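As structure tokens, the structure follows; a few thoughts come after it.
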Amino acid sequence: MVRSVRDLATGGLALAGRPRRLVPLVLGWEPIPESVSLRGGDPARFLLEPVTAAAVVFDTGWVLVDGGFDLDRVRDPEQRAAHYDHESYTAVVPPGDALAEGVAAAGLHWDALAACVVSHVHLDHTGGLRLVPPGTPVVLQRREWTWLGSGVGRRETVVVDDVLAADVSIVLVDGDTELAPGLGVLDTRGHTPGHQSVRIDLPDRRVVLACDAADLERNLTERTPCGWVGVAGDEPDAQRSVDRLADLAGLPGVEVWPGHDPAWAPWTRA
């Protein structure tokens with residue numbers, strides 16, 4: 001069970017220095033109609049979209065952003081049928097454990113994990129909490145935490161026990177928040193009530209992980225939100241969020257990474 005729920009402490013997360021490296025991680029895939037990821041897209045055209053996460057590496061310690069599926073649930077026939085196989089959707093995962101293997105390949109160690117940032121509580125983002133050390137701080141928007149506790153959504157989109165049964169400490173933030181020098185979250189609600197994107201200031205550039213506020217690069221270039229904003233989502237908020245991200249993508253030295261684009265170079269390389 002969750003150990004504690006608290007507001008972000010003064011001074012932010014316990015991290016030394018600034019972000020030095022960003023490690024993109026692809027943890028699986030999911031077939032998605034284009035019309036779900038892009039309002040006005042073709043409902044008959046399916047995209048095999050990557051399920052993504054990232055490690056933000058500081059001088060000392062690192063932060064995990066999102067975490068893919070809970071593989072134990074995906075590989076259990078009853079839980080898979082309940083949560084991951086429905087309509088035209090299924091969870092596609094490689095052999096082994098892509099998150100554990102990706103963290104090891106990056107030269108990172110779980111005992112140096114300072115925190116997790118969860119963009120929102122859909123089931124393709126919350127499964128990594130199964131691997132984190134006990135008591136790890138998990139950053140959520142307060143609106144998302146309230147929504148999760150309200151008996152949220154459909155079982156096909158949210159597995160509440162990914163978060164509520166995890167041995168973690170929930171850290172709540174409200175809107176745009178600086179978590180540590182060079183690391184912040186941005187209020188990009190709309191897809192869910194408390195969706196957040198993540199800003200990382202690297203030595204040579206700024207990267208914004210859009211997460212599900214922009215699945216595809218086309219969401220940004222066409223300023224068009226996803227076609228499905230989720231249970232309890234809000235279309236006007238989703239439009240404001242994708243406009244905000246598109247504005248950021250137009251700034252010099254800023255990269256905005258769409259969360260599920262199968263052609264986005266950092267995900268294809270990962």
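Labels used: A, B, ... for chains in the order of the structure tokens, numbers from 1 for residues in each chain, and numbers from 1 for ligands as shown.
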Which residues of segment 25-92 of chain A come within 12 Å of segment 248-257 of chain A, and for each one, what is the closest pair of atoms and their distance in Å to one decimal, counting only C-alpha atoms, sorted by chain and residue number, as JSON lines?
{"residue": "A:Thr52", "atom": "CA", "partner": "A:Trp257", "partner_atom": "CA", "distance": 10.6}
{"residue": "A:Ala53", "atom": "CA", "partner": "A:Trp257", "partner_atom": "CA", "distance": 11.2}
{"residue": "A:Ala54", "atom": "CA", "partner": "A:Trp257", "partner_atom": "CA", "distance": 11.0}
Exercise. Near Asp174 of chain A, counting only C-alpha atoms, which residues have an atom at most 10 Å away, once you skip same-chain residues fewer than 6 positions from it, shown as a list in words?
Worked result: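 In the requested form, the answer reads Asp7, Leu8, Leu140, Gln141, Arg142, Arg143, Glu144, Val185, Leu186, Asp187, Gly194 and Gln196 of chain A.
With only C-alpha atoms as the atoms that count, the minimum distance from Val63 of chain A to the choices A:Val160, A:Leu183, A:Leu131, A:Leu209 is reached by A:Leu183.
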Exercise. Separation of atom CA of Asp176 of chain A and atom CA of Gly11 of chain A, in Å?
Worked result: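 Distance reported for this atom pair: 14.8 Å.
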For this session: Choose the residue, out of A:Glu101, A:Asp215, A:Asp234, A:Asp247, that has the smallest atom-to-atom separation from Val36 of chain A; count only C-alpha atoms.
Result: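 Going through A:Glu101, A:Asp215, A:Asp234, A:Asp247 one by one, the smallest distance to Val36 of chain A is for A:Asp215.
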Using only C-alpha atoms, determine which residues lie at most 9 Å from Leu99 of chain A, disregarding the query and same-chain residues fewer than 5 positions distant; provide the list as an mmCIF file with N, CA and C atoms, in the first residue's frame.
data_model
loop_
_atom_site.group_PDB
_atom_site.id
_atom_site.type_symbol
_atom_site.label_atom_id
_atom_site.label_comp_id
_atom_site.auth_asym_id
_atom_site.auth_seq_id
_atom_site.Cartn_x
_atom_site.Cartn_y
_atom_site.Cartn_z
ATOM 1 N N LEU A 25 13.341 5.296 -23.252
ATOM 2 C CA LEU A 25 13.056 3.875 -23.064
ATOM 3 C C LEU A 25 11.772 3.521 -23.797
ATOM 4 N N VAL A 26 11.819 2.449 -24.559
ATOM 5 C CA VAL A 26 10.610 1.882 -25.166
ATOM 6 C C VAL A 26 10.351 0.551 -24.481
ATOM 7 N N LEU A 27 9.177 0.429 -23.861
ATOM 8 C CA LEU A 27 8.894 -0.696 -22.976
ATOM 9 C C LEU A 27 7.884 -1.669 -23.559
ATOM 10 N N ALA A 53 8.983 5.609 -21.849
ATOM 11 C CA ALA A 53 9.362 6.143 -20.550
ATOM 12 C C ALA A 53 10.720 6.816 -20.749
ATOM 13 N N GLY A 67 6.403 4.406 -16.770
ATOM 14 C CA GLY A 67 6.972 3.081 -16.546
ATOM 15 C C GLY A 67 6.330 1.951 -17.310
ATOM 16 N N GLY A 68 5.491 2.257 -18.303
ATOM 17 C CA GLY A 68 4.922 1.197 -19.110
ATOM 18 C C GLY A 68 3.914 0.345 -18.366
ATOM 19 N N ALA A 104 19.394 -1.040 -16.628
ATOM 20 C CA ALA A 104 20.722 -1.640 -16.477
ATOM 21 C C ALA A 104 21.636 -1.245 -17.631
ATOM 22 N N GLY A 128 5.596 0.584 -14.042
ATOM 23 C CA GLY A 128 6.980 0.561 -13.569
ATOM 24 C C GLY A 128 7.116 0.670 -12.068
ATOM 25 N N LEU A 131 8.817 -2.012 -9.755
ATOM 26 C CA LEU A 131 10.256 -2.230 -9.637
ATOM 27 C C LEU A 131 10.959 -1.259 -8.700
#
Problem set entry | For Tyr84 of chain A: contacts at 12 Å, only C-alpha atoms, fewer than 6 positions along chain excluded, given as a PyMOL selection string | chain A and resi 29-31+69-78+90-93+122-124+154-159
Those same residues, written as an mmCIF file, in the first residue's frame with C-alpha atoms?
data_model
loop_
_atom_site.group_PDB
_atom_site.id
_atom_site.type_symbol
_atom_site.label_atom_id
_atom_site.label_comp_id
_atom_site.auth_asym_id
_atom_site.auth_seq_id
_atom_site.Cartn_x
_atom_site.Cartn_y
_atom_site.Cartn_z
ATOM 1 C CA TRP A 29 3.807 -1.286 -28.004
ATOM 2 C CA GLU A 30 0.062 -0.896 -28.465
ATOM 3 C CA PRO A 31 -2.040 -0.881 -31.655
ATOM 4 C CA PHE A 69 2.776 -1.819 -18.307
ATOM 5 C CA ASP A 70 2.897 -3.996 -15.221
ATOM 6 C CA LEU A 71 4.347 -7.129 -16.835
ATOM 7 C CA ASP A 72 3.100 -9.413 -14.080
ATOM 8 C CA ARG A 73 -0.451 -8.366 -14.894
ATOM 9 C CA VAL A 74 0.080 -8.493 -18.659
ATOM 10 C CA ARG A 75 1.395 -12.059 -18.416
ATOM 11 C CA ASP A 76 -1.390 -13.293 -16.138
ATOM 12 C CA PRO A 77 -4.189 -14.613 -18.424
ATOM 13 C CA GLU A 78 -7.084 -13.396 -16.251
ATOM 14 C CA THR A 90 -3.854 -5.316 -26.798
ATOM 15 C CA ALA A 91 -0.627 -4.830 -24.886
ATOM 16 C CA VAL A 92 2.445 -5.921 -26.847
ATOM 17 C CA VAL A 93 5.553 -6.542 -24.774
ATOM 18 C CA HIS A 122 -3.461 5.211 -17.525
ATOM 19 C CA LEU A 123 -2.224 1.619 -17.389
ATOM 20 C CA ASP A 124 0.488 2.006 -20.038
ATOM 21 C CA ARG A 154 -12.746 2.004 -16.977
ATOM 22 C CA ARG A 155 -10.698 -1.014 -16.008
ATOM 23 C CA GLU A 156 -9.429 -1.135 -19.607
ATOM 24 C CA THR A 157 -7.625 2.180 -19.143
ATOM 25 C CA VAL A 158 -6.665 2.384 -15.449
ATOM 26 C CA VAL A 159 -5.352 -0.287 -13.084
#
Seminar exercise, completed: Separating atom CA of Trp267 of chain A from atom CA of Leu148 of chain A, to the nearest tenth of an Å, is a gap of 28.5 Å
